[in-house]
Every structure is written in structure tokens, then in C-alpha cells.
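To keep things clear, I will list the structure first and then write my remarks on it.
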Amino acid sequence: MLSGYWESVITFAGINVLMGLSLYVPMSAGLISLGQAGFMAIGAYLSAYLTKLGVPFPLAMAAGALAAGIVGLIVGAPALRIRGIYIMILTLGFGEIVRVFFLNFTPTGGALGYSGIQPLTEFYWVLTACAIALVAVWRLRHSRMGRAMIAIHEDDLAAEAMGINLMTVKLFAFSFGAVIAGVAGAFYAHQTLYIDAQQFDFARSATTFLYVVLGGPANPLGPVLGAVLVTILPETLRVVQDWRMTFFGGLLVIAAIWRPDGLLKPLHSYR
Amino acid sequence: MTALLVADAISKRFGGYLALADVGVQIRAGDIHALIGPNGAGKTTLFNIISGVAVPTAGRIAFQGQDYTGRRADQVLAMGVARNFQHVRLFPGLSIVENVMIGCHARMGSLLQELLSYVRLEPRAERDARDRALEVINFVGLQGRIAMLPGELTLVDQRRLEIARALASGPQLLLLDEPAAGMNPSEVNQLDTLIRQIRDSGITVLLVEHHTRLVMAVADRVTVLSAGRVIADGPPSIIQRDEAVITAYLGDSQ
């Protein structure tokens, strides 16, 4: 059997895989979010609050994911009118708003953090959630909605002229990604047992972005590979642990030059 | 015959530049209607207004008697007006068949049905869309290449693919913006046949084209634009002899 240490490493890798997939979905519609940590925080805080009240974990998780999805719709709405770098700025601002909100929101601990969360995250449930999310995202690639997302990403004017309602598709992409991030947040809170606002800062959103860009933003397995690499490498190589951000920064530069599409090639549907 | 599309007193201003001034066009159902004129005459602007990509500064536009001025491009497509692009705009990351299936998007039902079908492994709407896409791909002559990416096709085949994508939406009016650009004479002949076949299948065609020989051969009716105004409108035989048109566009062959 796995040691407790490796169980914990795999759990965090799984949570990061979920985060990677949560960003992969909007990114495949051309919406680059730098605020995924905000959706994760919503899932984490709400589910932790509910399990403390005695609500069963699956229900609390669903509530956290739903809340993140609804906030995703609200954040996504203004993002419909803007493109590219402005969406990045908007989502970056959103992530900071959520962080500062929980920093000052006393019912969930405020600046002191939120402690005493029950240890309800089981690593095999995290892996199950990863598998479900991956299948869902894979199926999405071969569905009408997924095709529409890629079409919008590649040429939104042509997509609209071909009958695609940009608003519906973009809102779906944003909100679906937020739901996955909410699930990741719920697992995270019930694994670390203590959460505070600083755990959901910009660095987490940026690392999530790294998973997708490094692994391959046009292949559902890309964010999975990216998240696993970035989580597991520091655990196995001491050198990488000490120089973590330097190492990944360098890796990203190398990837940008040699594999601009990420480690995994775009997934084309040859049918 | 009744008019399928009526553009009435359309004006379009870009800053201080008047691209279209009080333009009126009527397209009869079942016609191949050509729109010609020198560069900068406003053909593409009018085309964009008809397809909902651009909004006119003034004037009304109606399809089957229903005013649709100011509607979004996706709503205009759902109404039954599909287009191609002068500079080919395919989706490079989607295969040929998927590009055409995008054209079926508007015909695949509501978002709720979409979410329900998402659960099933091979939803029927998806299968129907694929069948329809294959049918249209055969129609334009791209069979056998469905799994390729658009970038692997020649420019001429990319134009055919764009036409297929537009046809997949099941339009009543097909807008073609310079489909013959970059084609050699035999390819132009194939295009001539294709456009006639499209018309014969019951689809009205609006053709913007510089290839005068193609236009005069295939069109039932021609509207000539020059400097944002309609200078002539009528059957090709009359347009070819129109003094104003010869001066502005066709040129004197003698």
C-alpha cells in the first residue's frame, strides 16, 4: 500500500489536475483566466463551512461547486465583450477580489484563517473526480459545444457567422471550468484542514496556468500531465524543490521555444 | 416572382467615409444574383450588412418580408442566410468534417438538448450532423479528405470547404464573396457548375465576384455598385451594354 506521504502527494496532484482541467475548458474557447484560484477558494470556503455545520461532504462539495459555477457566470458575463489580454486582466482582478474578500470575511476566520476542518478528502475519491472530469472534458472535445468552443477560439467572427451564439458558449466554458475548480477547492480544504486567503493568491492561479501551458492547451491530457509533473517533480528531486519556481520558470521558457503547443500535441478529431 | 431579400435605402458610414449611400437591392427567390463593381464600391460592406456581420448606419433590411436590421450574425444564419468569406476563414484546428459540422450547429436544437445529449455516448443529433456534413462534402467534391485539416487543402479546395460549411446550415440564401478568386479557368468552370447546382437545389445565391465572364454566364440578375451607389440593375445582357457600367467597371473592349 501507499504510505501516507505518497497518498498526500497523489491527493495534491489530483487536486492540481482538477485545477488544470478547470482552466483547460475556458482556454479551449480562447478565454485565458488568471483567476482560477478565486473559484477554488469559493469551493473551499463554502464546502468547509457546510461540513462544519454537519452537512455531508458530497453535498457540501456540490454546493461549493455550484456556487463557483454561478460566480463563473457572473464573472463571465463582462468577459463576453472583451478579448485576449483584457480577459486576463479581468480574471486576475477577480481572483484578487475573492482573496481580499475571504481575508476580511470574519464568519470564515478572516485573516486568522479557517481551521478545524474535518479530514474528509480520500485520495481515491480525488482520483475518481479526476477521471470523471477528464472523461467529461474529453467528451466535450467531440461534442457540438466543444467544437463551437474551438471555433470561437480560432475565429470568433467566422464562428458567429456560422450560427454559434458566442454568449452561450463562452458563459458555458467559463462556468463549467469554475465548477471543476470549486470541486478542487472542496477537496483541498478537507485535505489541508486549514485554509486561509493567502493559499488562493495569484501564485496559485499562475501555477494553474503553467499546468495547462506546459502540458498542452489543445489536448485534454495536457493539463493532466502538466499538473502531475509540476506537483510530483519537487517531491522526487530535492534540487527542484529548492529552486521550484526558478525551475518551472525556466521550463516554461524552454517549452515556449521548443514546444509552443505544450508537451502534448493538439488533439485532432480524425473521424 | 417575390423578393426573398429586400435591402432598402442602406447607408453605411465609417467615420467620414460613406461606404454605402442609399443602396437598394432586391433579390428574387430562386435567382443567382450577382453584385459587381470596382474595388471600394461597397460590395463587401453590403455583403457584411446582409449577413449580420455589420450594422447599417441607416436603412432597413428584410428577409421573407421580415425586418432583421441589427440582428447578430448567428441569428441571421439561423434565419436562413449563410455566407463564405472573401479571405477564407476556416477553423484550422478542426478537421474537414468538423468544420462542416460547425455549419450544422444552428440546426442541432437547444442548449438543454445539448446538455442532455452530452450524457449519451453517440447522440443522435451528432450523428445526423455528421451525415449531413458528409452529404455536403460530397456535393462540393471534397469526399475522401474528411479527416484532413483545412491547412492541408489547396486554397481552391478551402474555398469549396467554406461553401460546404455554409451549405450545411441549410440556408435559403447563400452569400458568396469572390469564390473564384485564385482559380484557374477549369476551376472557374467547376465553380460555375457548382453554383448552378446550388441554385437548382432551391437555394438563392448572391454572388460578389470580379470574374466578369463567370458573372455574365451564371447570373440571372446583376446589380452594379460604384462608389457606394447602385448604378445599374438588371439581367446580364442589358448590364453588359449599359454605358455607365462600361465606364465605371467593365471597360471598353474596342
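Chain lettering (A, B, ...) mirrors the order of the C-alpha cells, residue numbering begins at 1 for each chain separately, and ligand numbering begins at 1 in order of display.
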Within 6 Å of chain A, which residues of chain B show up when using only C-alpha atoms, listed as a list of chain:residue names?
B:Ala73, B:Asp74, B:Leu77, B:Phe91, B:Gly103, B:Ala106, B:Ala147
Set the distance at 8 Å and use only C-alpha atoms: which residues neighbour region 121-133 of chain A once local chain neighbours fewer than 4 positions away are removed? I'd like the list as an MDAnalysis selection string.
chainID A and resid 7:8 10:11 14:15 17:18 21 137 180 187:188 190:191
For the helix (DSSP H, G or I) assignment from backbone DSSP, which residues of region 125-231 of chain B qualify? Please present them as an MDAnalysis selection string.
chainID B and resid 125:140 150:152 155:168 185:200 212:218
Which residues, written as a VMD selection string, have at least one atom at most 8 Å from region 82-98 of chain A, with only C-alpha atoms counted and residues fewer than 3 positions away on the same chain left out?
chain A and resid 30 to 39 41 to 42 75 78 to 79 101 to 102 201 to 202 205
As a PyMOL selection string, please: the residues near Ser51 (chain B) (cut-off 7 Å, only C-alpha atoms, same-chain neighbours under 5 positions excluded).
chain B and resi 73+76+81+83
I want to know what sits within 7 Å of Leu94 (chain B), based on only C-alpha atoms, with residues of the same chain fewer than 4 positions away left out; could you give that as a count of residues only?
4
Who sits within 8 Å of Ile36 (chain B), only C-alpha atoms, same chain under 4 positions skipped, as a ChimeraX atom specification:
/B:43,208-210,222-225
Pick out the residues sitting within 7 Å of Gly185 (chain A), and hand them over as a list in words; count only C-alpha atoms, and ignore anything fewer than 3 positions along from it in its own chain.
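The residues that qualify are Met40, Ala41, Gly43, Ala44, Ala181, Gly182, Tyr188 and Ala189 of chain A.
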Expressed in Å to a single decimal, how great is the separation between CA of Gly24 (chain B) and CA of Phe47 (chain B)?
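For CA of Gly24 (chain B) relative to CA of Phe47 (chain B), the distance reads 12.7 Å.
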From the list A:Met149, A:Met61, A:Ala184, A:Leu171, which residue is nearest Ile102 (chain B) when using only C-alpha atoms?
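Of all the options, A:Met149 lies closest to Ile102 (chain B).
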Please compute the CA of Ala256 (chain A)-CA of Pro26 (chain A) distance, one decimal, in Å.
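CA of Pro26 (chain A) lies at a distance of 20.5 Å from CA of Ala256 (chain A).
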As an NGL selection string, list the residues of region 51-236 of chain B assigned to strand (DSSP E or B) by DSSP on the backbone atoms of this structure.
:B and (58-63 or 66-67 or 81-83 or 173-177 or 204-208 or 221-226 or 229-234)
Atoms kept (C-alpha atoms) for selection, written as a compact mmCIF listing (two decimals), in the first residue's frame:
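What ended up in selection_16.txt:
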```
# COMPACT_ATOMS: atom_id res chain seq x y z
CA ALA B 58 -29.34 53.88 -41.99
CA GLY B 59 -31.86 51.80 -43.90
CA ARG B 60 -33.76 48.57 -43.36
CA ILE B 61 -33.13 45.04 -44.47
CA ALA B 62 -35.75 42.32 -44.65
CA PHE B 63 -35.74 38.59 -45.38
CA GLN B 66 -39.37 40.15 -42.02
CA ASP B 67 -37.19 43.08 -40.95
CA VAL B 81 -28.83 33.32 -44.71
CA ALA B 82 -25.33 31.76 -44.86
CA ARG B 83 -22.07 33.15 -46.21
CA LEU B 173 -29.97 32.38 -49.35
CA LEU B 174 -26.27 31.69 -49.87
CA LEU B 175 -23.91 34.66 -49.99
CA LEU B 176 -20.69 34.02 -51.92
CA ASP B 177 -17.94 36.63 -51.66
CA THR B 204 -30.99 31.55 -53.88
CA VAL B 205 -27.43 32.78 -54.44
CA LEU B 206 -25.96 36.26 -54.04
CA LEU B 207 -22.61 36.33 -55.78
CA VAL B 208 -19.99 39.05 -55.29
CA ARG B 221 -29.67 39.33 -62.48
CA VAL B 222 -26.82 41.76 -61.86
CA THR B 223 -26.56 44.78 -59.57
CA VAL B 224 -23.65 47.12 -60.21
CA LEU B 225 -22.24 49.22 -57.38
CA SER B 226 -19.84 52.09 -57.84
CA ARG B 229 -24.22 53.68 -55.10
CA VAL B 230 -26.22 51.39 -57.34
CA ILE B 231 -25.51 52.47 -60.91
CA ALA B 232 -27.32 49.67 -62.73
CA ASP B 233 -29.57 46.71 -62.05
CA GLY B 234 -30.91 44.16 -64.50
```
